[in-house]
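Participant: What follows is data-v5.cif; its format and atoms are mmCIF, C-alpha atoms and all ligand atoms.
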```cif
data_coords
#
loop_
_atom_site.label_atom_id
_atom_site.label_comp_id
_atom_site.auth_asym_id
_atom_site.auth_seq_id
_atom_site.Cartn_x
_atom_site.Cartn_y
_atom_site.Cartn_z
CA MET A 1 -15.20 39.56 -13.55
CA LYS A 2 -13.20 38.92 -10.42
CA GLN A 3 -10.14 36.79 -11.11
CA LEU A 4 -10.16 33.77 -8.82
CA PHE A 5 -6.89 32.65 -7.31
CA TYR A 6 -6.30 28.93 -7.51
CA PRO A 7 -3.46 27.63 -5.33
CA PHE A 8 -3.16 24.71 -7.75
CA ASP A 9 -2.91 24.10 -11.45
CA ILE A 10 -6.46 24.75 -12.70
CA SER A 11 -5.99 22.42 -15.64
CA LEU A 12 -6.15 19.64 -13.03
CA GLU A 13 -9.38 20.88 -11.52
CA SER A 14 -11.47 18.20 -13.15
CA GLU A 15 -9.21 15.52 -11.63
CA MET A 16 -9.72 17.05 -8.20
CA LYS A 17 -13.50 17.11 -8.52
CA GLU A 18 -13.51 13.47 -9.42
CA PRO A 19 -13.12 11.50 -6.21
CA LEU A 20 -11.29 8.20 -6.34
CA ASP A 21 -14.32 6.09 -5.66
CA PHE A 22 -17.25 7.74 -4.03
CA ASN A 23 -19.46 4.73 -3.78
CA ARG A 24 -19.00 3.99 -0.10
CA ARG A 25 -21.96 1.63 -0.08
CA SER A 26 -20.46 -0.67 -2.70
CA ARG A 27 -17.21 -0.72 -0.76
CA THR A 28 -18.86 -1.70 2.49
CA LYS A 29 -21.16 -4.45 1.32
CA ASP A 30 -20.55 -7.77 3.01
CA VAL A 31 -18.52 -6.13 5.77
CA ASP A 32 -19.89 -8.54 8.34
CA ARG A 33 -19.08 -11.62 6.32
CA VAL A 34 -16.10 -13.41 7.79
CA PHE A 35 -14.33 -15.70 5.35
CA ARG A 36 -12.87 -18.74 7.03
CA ALA A 37 -9.33 -19.05 5.79
CA GLU A 38 -6.26 -21.17 6.30
CA ILE A 39 -2.59 -20.24 6.35
CA THR A 40 -1.07 -22.41 3.62
CA ASN A 41 2.50 -21.15 3.75
CA VAL A 42 4.69 -18.89 5.87
CA ILE A 43 7.85 -17.36 4.40
CA ARG A 44 10.33 -15.56 6.61
CA LEU A 45 11.36 -12.34 4.84
CA THR A 46 13.39 -10.56 7.53
CA GLU A 47 13.85 -10.61 11.30
CA MET A 48 10.59 -8.64 11.67
CA GLU A 49 8.46 -9.55 8.66
CA LYS A 50 6.88 -12.75 7.42
CA LEU A 51 4.83 -13.40 4.29
CA PHE A 52 1.66 -15.38 4.91
CA GLN A 53 -0.09 -17.16 2.06
CA VAL A 54 -3.71 -17.45 3.08
CA ARG A 55 -6.44 -19.40 1.31
CA ILE A 56 -10.18 -18.78 1.68
CA MET A 57 -11.44 -22.28 2.44
CA ASP A 58 -14.75 -22.29 0.59
CA ASP A 59 -14.05 -22.80 -3.13
CA ALA A 60 -16.94 -20.66 -4.36
CA GLU A 61 -16.11 -17.80 -1.96
CA ARG A 62 -12.46 -17.97 -2.98
CA GLN A 63 -13.33 -17.68 -6.67
CA ARG A 64 -15.74 -14.81 -6.02
CA PHE A 65 -13.33 -12.83 -3.84
CA THR A 66 -11.87 -9.85 -5.71
CA PHE A 67 -9.90 -6.80 -4.64
CA LEU A 68 -8.17 -3.81 -6.18
CA PRO A 69 -4.54 -2.76 -5.61
CA GLY A 70 -4.29 -0.73 -2.39
CA GLN A 71 -7.22 -2.32 -0.55
CA PHE A 72 -6.86 -4.05 2.78
CA LEU A 73 -8.40 -6.86 4.82
CA MET A 74 -9.35 -7.17 8.46
CA LEU A 75 -7.61 -10.32 9.62
CA GLU A 76 -8.85 -12.05 12.76
CA LEU A 77 -6.74 -14.40 14.77
CA PRO A 78 -9.30 -16.09 17.04
CA GLY A 79 -8.63 -15.36 20.68
CA TYR A 80 -6.19 -12.54 19.95
CA GLY A 81 -7.99 -9.90 17.91
CA GLU A 82 -8.49 -8.40 14.48
CA ILE A 83 -6.10 -6.14 12.55
CA PRO A 84 -6.02 -4.30 9.22
CA ILE A 85 -3.48 -5.69 6.73
CA SER A 86 -2.84 -4.64 3.11
CA ILE A 87 -3.26 -7.27 0.44
CA SER A 88 0.17 -7.83 -1.01
CA SER A 89 -0.54 -10.29 -3.83
CA ALA A 90 -1.61 -9.94 -7.45
CA PRO A 91 -5.35 -9.21 -7.78
CA THR A 92 -5.54 -11.95 -10.42
CA ASN A 93 -4.18 -14.64 -8.10
CA LYS A 94 -7.23 -16.72 -7.20
CA GLY A 95 -5.36 -19.46 -5.35
CA PHE A 96 -4.31 -17.55 -2.25
CA LEU A 97 -3.82 -14.07 -0.82
CA GLU A 98 -0.42 -12.86 0.34
CA LEU A 99 -0.09 -10.76 3.47
CA CYS A 100 3.28 -9.36 4.54
CA ILE A 101 3.13 -8.85 8.29
CA ARG A 102 5.56 -7.10 10.62
CA ARG A 103 5.75 -8.31 14.21
CA ALA A 104 4.44 -5.29 16.16
CA GLY A 105 2.36 -6.41 19.17
CA THR A 106 -0.31 -8.81 20.39
CA VAL A 107 -1.97 -10.06 17.17
CA THR A 108 1.01 -9.81 14.84
CA GLY A 109 3.25 -11.40 17.51
CA ALA A 110 0.87 -14.39 17.80
CA LEU A 111 0.59 -14.63 14.01
CA HIS A 112 4.36 -14.84 13.70
CA LYS A 113 4.19 -18.03 15.77
CA ALA A 114 1.41 -19.52 13.59
CA ARG A 115 2.24 -22.43 11.33
CA ARG A 116 0.85 -23.80 8.10
CA GLY A 117 -2.74 -24.99 8.66
CA ALA A 118 -3.63 -22.32 11.25
CA ARG A 119 -7.13 -20.91 10.83
CA VAL A 120 -7.87 -17.19 10.56
CA GLY A 121 -10.90 -15.06 9.68
CA LEU A 122 -10.87 -12.48 6.89
CA ARG A 123 -13.26 -9.57 6.30
CA GLY A 124 -13.11 -7.29 3.33
CA PRO A 125 -11.70 -6.10 1.05
CA PHE A 126 -11.96 -2.57 2.44
CA GLY A 127 -11.00 0.92 1.43
CA THR A 128 -10.11 2.92 -1.62
CA HIS A 129 -7.60 1.70 -4.18
CA PHE A 130 -4.86 3.10 -6.38
CA PRO A 131 -6.45 4.45 -9.59
CA MET A 132 -4.68 2.09 -11.99
CA GLU A 133 -7.27 2.77 -14.73
CA LYS A 134 -6.64 6.50 -14.61
CA MET A 135 -2.89 5.92 -14.86
CA LYS A 136 -3.17 4.09 -18.18
CA GLY A 137 -1.10 5.64 -20.97
CA ASN A 138 1.13 7.44 -18.46
CA ASN A 139 4.51 6.90 -16.84
CA VAL A 140 4.26 5.34 -13.39
CA LEU A 141 6.61 5.78 -10.45
CA LEU A 142 6.17 3.11 -7.77
CA ILE A 143 8.03 4.23 -4.65
CA ALA A 144 8.25 2.45 -1.29
CA GLY A 145 10.16 2.73 1.95
CA GLY A 146 10.50 -0.20 4.38
CA LEU A 147 7.21 -2.06 4.96
CA GLY A 148 5.66 0.17 2.25
CA LEU A 149 6.65 -2.47 -0.29
CA ALA A 150 3.81 -4.64 1.10
CA PRO A 151 0.95 -2.42 -0.17
CA LEU A 152 3.00 -1.49 -3.26
CA ARG A 153 3.29 -5.08 -4.40
CA ALA A 154 -0.33 -5.34 -5.68
CA PRO A 155 0.06 -2.28 -7.99
CA ILE A 156 3.47 -3.62 -9.09
CA PHE A 157 1.87 -6.94 -10.11
CA HIS A 158 -0.97 -5.08 -11.81
CA VAL A 159 1.43 -2.97 -13.90
CA ILE A 160 3.53 -6.03 -14.78
CA GLN A 161 0.47 -8.00 -15.90
CA ASN A 162 -0.85 -5.06 -17.93
CA ARG A 163 2.54 -3.75 -19.07
CA SER A 164 1.31 -2.41 -22.43
CA ASP A 165 -1.22 -0.11 -20.69
CA TYR A 166 1.54 1.99 -19.13
CA ARG A 167 4.55 3.86 -20.48
CA ASN A 168 7.82 4.05 -18.50
CA VAL A 169 7.65 2.28 -15.15
CA HIS A 170 10.15 2.85 -12.33
CA ILE A 171 10.20 1.03 -9.01
CA PHE A 172 12.22 2.73 -6.26
CA TYR A 173 12.69 1.05 -2.89
CA GLY A 174 14.65 2.07 0.17
CA THR A 175 15.29 0.67 3.64
CA GLY A 176 17.59 1.36 6.58
CA SER A 177 19.90 -1.59 5.99
CA PRO A 178 20.25 -4.48 3.50
CA GLU A 179 18.87 -7.05 5.96
CA GLN A 180 15.60 -5.07 6.13
CA LEU A 181 14.94 -5.41 2.39
CA LEU A 182 11.63 -7.16 1.70
CA PHE A 183 11.07 -9.51 -1.25
CA ASP A 184 14.70 -9.21 -2.43
CA TYR A 185 14.27 -12.54 -4.27
CA GLN A 186 11.87 -10.79 -6.66
CA TYR A 187 13.87 -7.72 -7.74
CA ASP A 188 15.73 -9.43 -10.62
CA GLU A 189 12.47 -10.94 -11.87
CA TRP A 190 10.86 -7.47 -11.91
CA ARG A 191 13.92 -5.93 -13.59
CA ARG A 192 13.69 -8.49 -16.38
CA ILE A 193 10.18 -7.29 -17.31
CA ASP A 194 10.19 -5.20 -20.43
CA ASP A 195 11.06 -1.60 -19.68
CA ILE A 196 10.73 -1.72 -15.91
CA GLU A 197 13.53 -0.01 -14.04
CA MET A 198 14.09 -0.92 -10.42
CA GLU A 199 16.53 0.76 -8.06
CA VAL A 200 17.16 -0.07 -4.43
CA ILE A 201 18.92 2.11 -1.87
CA VAL A 202 19.88 1.61 1.77
CA GLU A 203 20.90 4.12 4.42
CA ARG A 204 23.39 1.92 6.29
CA PRO A 205 25.21 -0.50 3.95
CA ASP A 206 26.99 -3.67 5.07
CA PRO A 207 30.33 -4.71 3.53
CA ASN A 208 28.55 -6.78 0.83
CA TRP A 209 26.30 -3.96 -0.35
CA LYS A 210 27.14 -2.79 -3.90
CA GLY A 211 24.16 -0.51 -4.55
CA PRO A 212 23.51 3.16 -3.84
CA VAL A 213 23.60 4.50 -0.28
CA GLY A 214 21.40 7.25 1.18
CA LEU A 215 17.78 8.27 1.45
CA ILE A 216 15.22 7.22 -1.15
CA THR A 217 14.88 10.80 -2.45
CA LYS A 218 18.44 10.41 -3.80
CA LEU A 219 17.14 7.92 -6.41
CA LEU A 220 14.87 10.63 -7.78
CA ASP A 221 17.88 12.83 -8.61
CA HIS A 222 18.58 10.87 -11.80
CA VAL A 223 15.08 10.08 -13.00
CA GLU A 224 13.97 11.82 -16.16
CA ILE A 225 10.24 12.27 -16.20
CA ASN A 226 7.66 14.26 -18.03
CA PRO A 227 5.67 15.46 -15.01
CA ARG A 228 2.53 16.05 -17.06
CA GLU A 229 2.41 12.40 -18.04
CA THR A 230 3.47 10.85 -14.76
CA TYR A 231 1.61 9.32 -11.84
CA ALA A 232 3.26 8.24 -8.60
CA ILE A 233 2.29 5.76 -5.89
CA VAL A 234 4.22 6.31 -2.68
CA CYS A 235 3.99 3.87 0.25
CA GLY A 236 5.89 4.04 3.49
CA PRO A 237 6.04 5.93 6.77
CA PRO A 238 4.55 9.47 6.65
CA ILE A 239 7.96 11.10 7.09
CA MET A 240 9.20 9.30 3.98
CA PHE A 241 6.24 10.10 1.73
CA LYS A 242 6.36 13.73 2.88
CA PHE A 243 9.92 14.10 1.58
CA VAL A 244 9.33 12.00 -1.53
CA CYS A 245 6.18 13.93 -2.47
CA ALA A 246 7.99 17.24 -1.89
CA ARG A 247 10.76 16.08 -4.23
CA LEU A 248 8.22 14.96 -6.85
CA SER A 249 6.55 18.34 -6.54
CA ASP A 250 9.92 20.00 -7.24
CA LEU A 251 10.13 17.84 -10.36
CA GLY A 252 6.75 19.23 -11.41
CA VAL A 253 4.51 16.22 -10.69
CA PRO A 254 1.10 17.59 -9.60
CA MET A 255 0.06 16.55 -6.10
CA GLN A 256 -3.23 15.21 -7.51
CA ARG A 257 -1.19 12.59 -9.36
CA MET A 258 0.67 11.30 -6.32
CA PHE A 259 -1.12 8.65 -4.29
CA VAL A 260 -0.28 7.58 -0.77
CA SER A 261 -1.70 5.04 1.66
CA LEU A 262 -2.43 6.35 5.18
CA GLU A 263 -2.20 4.07 8.19
CA ARG A 264 -4.34 4.69 11.23
CA ARG A 265 -5.34 2.41 14.08
CA MET A 266 -8.53 0.67 13.00
CA HIS A 267 -11.13 -1.43 14.69
CA CYS A 268 -14.28 -1.97 12.61
CA GLY A 269 -13.08 -1.09 9.09
CA MET A 270 -16.58 0.13 8.24
CA GLY A 271 -16.99 3.67 9.54
CA LYS A 272 -18.67 2.76 12.83
CA CYS A 273 -16.13 2.95 15.65
CA CYS A 274 -14.42 6.32 14.93
CA ARG A 275 -10.99 4.85 15.69
CA CYS A 276 -9.47 5.84 12.38
CA ASN A 277 -10.90 9.24 11.61
CA VAL A 278 -8.93 12.36 10.85
CA GLY A 279 -11.52 15.12 11.32
CA SER A 280 -14.60 13.97 9.42
CA THR A 281 -12.56 11.69 7.16
CA PHE A 282 -12.60 7.99 7.96
CA THR A 283 -9.34 6.38 6.89
CA CYS A 284 -11.03 2.98 6.66
CA MET A 285 -13.68 4.13 4.17
CA ASP A 286 -12.49 7.35 2.54
CA GLY A 287 -8.97 5.87 2.46
CA PRO A 288 -6.50 4.36 3.05
CA VAL A 289 -5.49 5.54 -0.46
CA PHE A 290 -5.63 9.29 -0.92
CA ASP A 291 -4.12 11.64 -3.46
CA TYR A 292 -1.43 13.74 -1.84
CA TRP A 293 -3.35 16.97 -2.42
CA SER A 294 -6.17 15.69 -0.17
CA VAL A 295 -3.71 14.47 2.47
CA MET A 296 -2.02 17.90 2.54
CA ASN A 297 -5.41 19.41 3.29
CA LEU A 298 -6.31 16.88 5.95
CA LYS A 299 -5.31 18.37 9.28
CA GLU A 300 -3.24 15.95 11.40
CA ALA A 301 -3.13 13.38 8.59
CA ILE A 302 0.67 13.37 8.57
C1 LIG A 401 -4.93 0.12 6.17
C2 LIG A 401 -3.81 -0.54 6.95
C3 LIG A 401 -3.00 -1.46 6.33
C4 LIG A 401 -1.97 -2.09 7.03
N1 LIG A 401 -1.19 -2.97 6.38
C5 LIG A 401 -0.22 -3.62 7.06
C6 LIG A 401 0.58 -4.62 6.39
O1 LIG A 401 0.40 -4.90 5.20
N2 LIG A 401 1.53 -5.23 7.13
C7 LIG A 401 1.74 -4.93 8.47
O2 LIG A 401 2.62 -5.54 9.07
N3 LIG A 401 1.03 -3.99 9.11
C8 LIG A 401 0.05 -3.34 8.44
N4 LIG A 401 -0.72 -2.40 9.09
C9 LIG A 401 -0.43 -2.12 10.50
C10 LIG A 401 -1.05 -3.24 11.38
O3 LIG A 401 -2.45 -3.16 11.28
C11 LIG A 401 -0.61 -3.06 12.83
O4 LIG A 401 0.76 -3.32 12.94
C12 LIG A 401 -1.37 -4.07 13.71
O5 LIG A 401 -2.71 -3.65 13.84
C13 LIG A 401 -0.73 -4.16 15.08
O6 LIG A 401 -1.52 -5.07 15.82
P1 LIG A 401 -0.93 -5.82 17.08
O7 LIG A 401 -2.07 -6.39 17.86
O8 LIG A 401 0.13 -6.78 16.67
O9 LIG A 401 -0.22 -4.66 17.87
P2 LIG A 401 -0.75 -3.89 19.18
O10 LIG A 401 -0.47 -4.77 20.36
O11 LIG A 401 -2.16 -3.41 18.96
O12 LIG A 401 0.21 -2.63 19.14
C14 LIG A 401 1.65 -2.78 19.16
C15 LIG A 401 2.30 -1.49 18.70
O13 LIG A 401 1.97 -1.22 17.32
C16 LIG A 401 1.40 0.07 17.21
N5 LIG A 401 0.35 0.04 16.18
C17 LIG A 401 -0.79 -0.68 16.19
N6 LIG A 401 -1.52 -0.44 15.09
C18 LIG A 401 -0.81 0.44 14.34
C19 LIG A 401 -1.03 1.08 13.08
N7 LIG A 401 -2.13 0.91 12.36
N8 LIG A 401 -0.06 1.91 12.64
C20 LIG A 401 1.05 2.13 13.35
N9 LIG A 401 1.30 1.56 14.54
C21 LIG A 401 0.39 0.73 15.03
C22 LIG A 401 0.84 0.37 18.58
O14 LIG A 401 0.75 1.77 18.82
C23 LIG A 401 1.84 -0.27 19.50
O15 LIG A 401 2.96 0.55 19.70
C24 LIG A 401 -1.74 -1.76 8.41
C25 LIG A 401 -2.55 -0.82 9.03
C26 LIG A 401 -3.57 -0.22 8.32
C27 LIG A 401 -4.45 0.79 9.00
S1 LIG A 402 -11.95 1.64 11.72
FE1 LIG A 402 -13.85 2.01 12.67
S2 LIG A 402 -14.45 3.89 11.79
FE2 LIG A 402 -12.68 3.38 10.68
#
```
Starting from the file, give its structure as structure tokens.

Facilitator:
Amino acid sequence: MKQLFYPFDISLESEMKEPLDFNRRSRTKDVDRVFRAEITNVIRLTEMEKLFQVRIMDDAERQRFTFLPGQFLMLELPGYGEIPISISSAPTNKGFLELCIRRAGTVTGALHKARRGARVGLRGPFGTHFPMEKMKGNNVLLIAGGLGLAPLRAPIFHVIQNRSDYRNVHIFYGTGSPEQLLFDYQYDEWRRIDDIEMEVIVERPDPNWKGPVGLITKLLDHVEINPRETYAIVCGPPIMFKFVCARLSDLGVPMQRMFVSLERRMHCGMGKCCRCNVGSTFTCMDGPVFDYWSVMNLKEAI
């Protein structure tokens, strides 16, 4: 019989045949429903980013609303427009949703001027999610660069709240400079959780910085992992996850066990407008979470 050549580890073939969540229909139900919501708190994180606590106003809708780590919302600021934003809070938090938003242009600029009590519209949740179930019983590397800590926060909360389901957990975070660090008030709290290691690195330190200096890949030089029992979630700009995933590959972590979140410009969030597609793949519905193997095979994805 002819020997087939597999450019990947064939023992992982079953993982590759099993898509993350193929039920597009279930993920797009209620896409037209706009939840009326209110900004209940605004926390300034850095010069460019603010954390918005947003509450769905109807009690029953708020209780019913659920999402999975990695999913996003379409947030409408009436009169300005609608934008995709990752949900940055714990999936179990029923009181409010947290959205970490960088000031980038029209909608985000207007949002940054919004105060407590401002009304917004929310649609969603949309998209694929990080496969937290599949990761159970394994080591988990949670890696973010810059604004990537926003989508990483939901899986971090999930792992913390279900700590016994996972083995060793490492959080690695890197930014350009110390003043760009997001959620720095939470690092000590996360470090105090049983067996969670967190390391933070910056490229350009200030005189007060006592931690490591360099690119985030440097933090992976010291990590001891069993690649066969390790999953990784990597969030950040494409250039960062390209280098991080290459480094993880060198360490032996299969690309099917690395998960990234792709950002594309989006309009409808429901596979109708073709704003977000890469070839025949719609980032809003087939993503934004993909395993790195799929991303590598998606032309022009990164
Ligand atoms: C799935 C997903 C999740 C996201 N999660 C977050 C989040 O948690 N926090 C956050 O701050 N931002 C997030 N973004 C990016 C956010 O949607 C954009 O910054 C926002 O749409 C910009 O809208 P605007 O009207 O303020 O800017 P515009 O006036 O429309 O544009 C201003 C500038 O931003 C650029 N831009 C617009 N959209 C994007 C985009 N999607 N990616 C890269 N550059 C863009 C434009 O090219 C332009 O240079 C996410 C995007 C996606 C697709
Ligand atoms: S955002 Fe419209 S098709 Fe994806």

Participant: Select, from A:Leu262, A:Cys100, A:Met48, A:Ile83, the residue with the minimum atom-to-atom distance to A:Pro288, counting all atoms listed in the file.

Facilitator: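 Using all atoms listed in the file, the shortest distance to A:Pro288 belongs to A:Leu262.
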
Participant: Counting only C-alpha atoms and all ligand atoms, which residues of chain A sit at most 7 Å from some atom of ligand LIG 401 (chain A), and what is each one's closest atom pair with its distance in Å to one decimal, listed by chain and rising residue number, as CSV?

Facilitator:
```
residue,atom,partner,partner_atom,distance
A:Phe72,CA,A:LIG401,C1,5.7
A:Gly81,CA,A:LIG401,O7,6.9
A:Ile83,CA,A:LIG401,O5,4.4
A:Pro84,CA,A:LIG401,O3,4.3
A:Ile85,CA,A:LIG401,N1,3.6
A:Ser86,CA,A:LIG401,O1,3.9
A:Ile87,CA,A:LIG401,O1,6.5
A:Ser88,CA,A:LIG401,O1,6.9
A:Leu99,CA,A:LIG401,O1,6.1
A:Cys100,CA,A:LIG401,N2,5.2
A:Ile101,CA,A:LIG401,O2,3.4
A:Arg102,CA,A:LIG401,O2,3.7
A:Arg103,CA,A:LIG401,O8,6.3
A:Ala104,CA,A:LIG401,O8,4.6
A:Gly105,CA,A:LIG401,O8,3.4
A:Thr106,CA,A:LIG401,O7,3.9
A:Val107,CA,A:LIG401,O7,3.7
A:Thr108,CA,A:LIG401,O8,3.6
A:Gly109,CA,A:LIG401,O8,5.6
A:Leu147,CA,A:LIG401,N2,6.9
A:Ala150,CA,A:LIG401,O1,5.3
A:Pro151,CA,A:LIG401,O1,5.9
A:Leu262,CA,A:LIG401,C1,6.8
A:Glu263,CA,A:LIG401,C27,4.1
A:Arg264,CA,A:LIG401,C27,4.5
A:Arg265,CA,A:LIG401,N7,3.9
A:Met266,CA,A:LIG401,C27,5.7
A:Cys284,CA,A:LIG401,C1,6.8
A:Pro288,CA,A:LIG401,C1,5.5
```

Participant: Counting only C-alpha atoms and all ligand atoms, figure out which residue out of A:Ile201, A:Cys268, A:Ile216, A:Ala232 gets nearest to ligand LIG 402 (chain A).

Facilitator: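 Closest to ligand LIG 402 (chain A), using only C-alpha atoms and all ligand atoms: A:Cys268.
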
Participant: Residues at most 7 Å from ligand LIG 402 (chain A), using all atoms listed in the file? Could they come as a list of chain:residue names?

Facilitator: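 My answer, listing the contacting residues, is A:Met266, A:His267, A:Cys268, A:Gly269, A:Met270, A:Gly271, A:Lys272, A:Cys273, A:Cys274, A:Arg275, A:Cys276, A:Asn277, A:Phe282, A:Thr283, A:Cys284, A:Met285.
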
Participant: One number please: atom CA of A:Leu68 to atom CA of A:Arg153, in Å, one decimal.

Facilitator: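 Atom CA of A:Arg153 lies 11.7 Å from atom CA of A:Leu68.
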
Participant: For A:Gly137, which residue out of A:Val169, A:Leu251, A:Ala110, A:Ala154 is the nearest one, using only C-alpha atoms?

Facilitator: A:Val169

Participant: Using only C-alpha atoms, which of the listed residues (A:Asp286, A:Glu38, A:Glu47, A:Asp195) sits closest to A:Val120?

Facilitator: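 Of A:Asp286, A:Glu38, A:Glu47, A:Asp195, the one nearest A:Val120, counting only C-alpha atoms, is A:Glu38.
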
Participant: Given all atoms listed in the file as the basis, pick out the residue of A:Pro227, A:Pro207, A:Pro237, A:Gly117 nearest to A:Ser177.

Facilitator: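 Nearest to A:Ser177: A:Pro207.
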
Participant: May I ask for the distance between atom CA of A:Val202 and atom CA of A:Ile143, given in Å to one decimal place?

Facilitator: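 Going from atom CA of A:Val202 over to atom CA of A:Ile143, I get 13.7 Å.
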
Participant: One decimal, in Å: what's the spacing between atom CA of A:Arg167 and atom CA of A:Ile196?

Facilitator: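 Separation between atom CA of A:Arg167 and atom CA of A:Ile196: 9.5 Å.
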
Participant: When distances are computed from all atoms listed in the file, which of A:Leu75, A:Val289, A:Ala246, A:Val253 shows the smallest separation from A:Leu111?

Facilitator: A:Leu75

Participant: Up to 8 Å from (-8.5, -21.5, 5.3) in the file's coordinates: name the residues, counting only C-alpha atoms, as a list in words.

Facilitator: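 Checking each residue against the 8 Å limit leaves Arg36, Ala37, Glu38, Ile39, Thr40, Val54, Arg55, Ile56, Met57, Asp58, Gly117, Ala118, Arg119 and Val120 of chain A.
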
Participant: Taking C-alpha atoms for each residue, export the selection above as a PDB file, keeping the file's coordinate frame.

Facilitator:
```pdb
ATOM      1  CA  ARG A  36     -12.870 -18.740   7.030  1.00  0.00           C
ATOM      2  CA  ALA A  37      -9.330 -19.050   5.790  1.00  0.00           C
ATOM      3  CA  GLU A  38      -6.260 -21.170   6.300  1.00  0.00           C
ATOM      4  CA  ILE A  39      -2.590 -20.240   6.350  1.00  0.00           C
ATOM      5  CA  THR A  40      -1.070 -22.410   3.620  1.00  0.00           C
ATOM      6  CA  VAL A  54      -3.710 -17.450   3.080  1.00  0.00           C
ATOM      7  CA  ARG A  55      -6.440 -19.400   1.310  1.00  0.00           C
ATOM      8  CA  ILE A  56     -10.180 -18.780   1.680  1.00  0.00           C
ATOM      9  CA  MET A  57     -11.440 -22.280   2.440  1.00  0.00           C
ATOM     10  CA  ASP A  58     -14.750 -22.290   0.590  1.00  0.00           C
ATOM     11  CA  GLY A 117      -2.740 -24.990   8.660  1.00  0.00           C
ATOM     12  CA  ALA A 118      -3.630 -22.320  11.250  1.00  0.00           C
ATOM     13  CA  ARG A 119      -7.130 -20.910  10.830  1.00  0.00           C
ATOM     14  CA  VAL A 120      -7.870 -17.190  10.560  1.00  0.00           C
TER      15      VAL A 120
END
```

Participant: Write out as a short mmCIF file (atom, residue, chain, number, x, y, z; two decimals) with C-alpha atoms, keeping the file's coordinate frame each polymer residue whose atoms come within 12 Å of A:Pro131, counting all atoms listed in the file; drop sequence neighbours fewer than 4 positions from it.

Facilitator:
```
data_model
loop_
_atom_site.label_atom_id
_atom_site.label_comp_id
_atom_site.auth_asym_id
_atom_site.auth_seq_id
_atom_site.Cartn_x
_atom_site.Cartn_y
_atom_site.Cartn_z
CA GLU A 15 -9.21 15.52 -11.63
CA GLU A 18 -13.51 13.47 -9.42
CA PRO A 19 -13.12 11.50 -6.21
CA LEU A 20 -11.29 8.20 -6.34
CA ASP A 21 -14.32 6.09 -5.66
CA LEU A 68 -8.17 -3.81 -6.18
CA PRO A 69 -4.54 -2.76 -5.61
CA GLY A 70 -4.29 -0.73 -2.39
CA GLN A 71 -7.22 -2.32 -0.55
CA MET A 135 -2.89 5.92 -14.86
CA LYS A 136 -3.17 4.09 -18.18
CA VAL A 140 4.26 5.34 -13.39
CA PRO A 155 0.06 -2.28 -7.99
CA HIS A 158 -0.97 -5.08 -11.81
CA VAL A 159 1.43 -2.97 -13.90
CA TYR A 231 1.61 9.32 -11.84
CA ALA A 232 3.26 8.24 -8.60
CA ILE A 233 2.29 5.76 -5.89
CA GLN A 256 -3.23 15.21 -7.51
CA ARG A 257 -1.19 12.59 -9.36
CA MET A 258 0.67 11.30 -6.32
CA PHE A 259 -1.12 8.65 -4.29
CA VAL A 260 -0.28 7.58 -0.77
CA VAL A 289 -5.49 5.54 -0.46
CA PHE A 290 -5.63 9.29 -0.92
CA ASP A 291 -4.12 11.64 -3.46
#
```
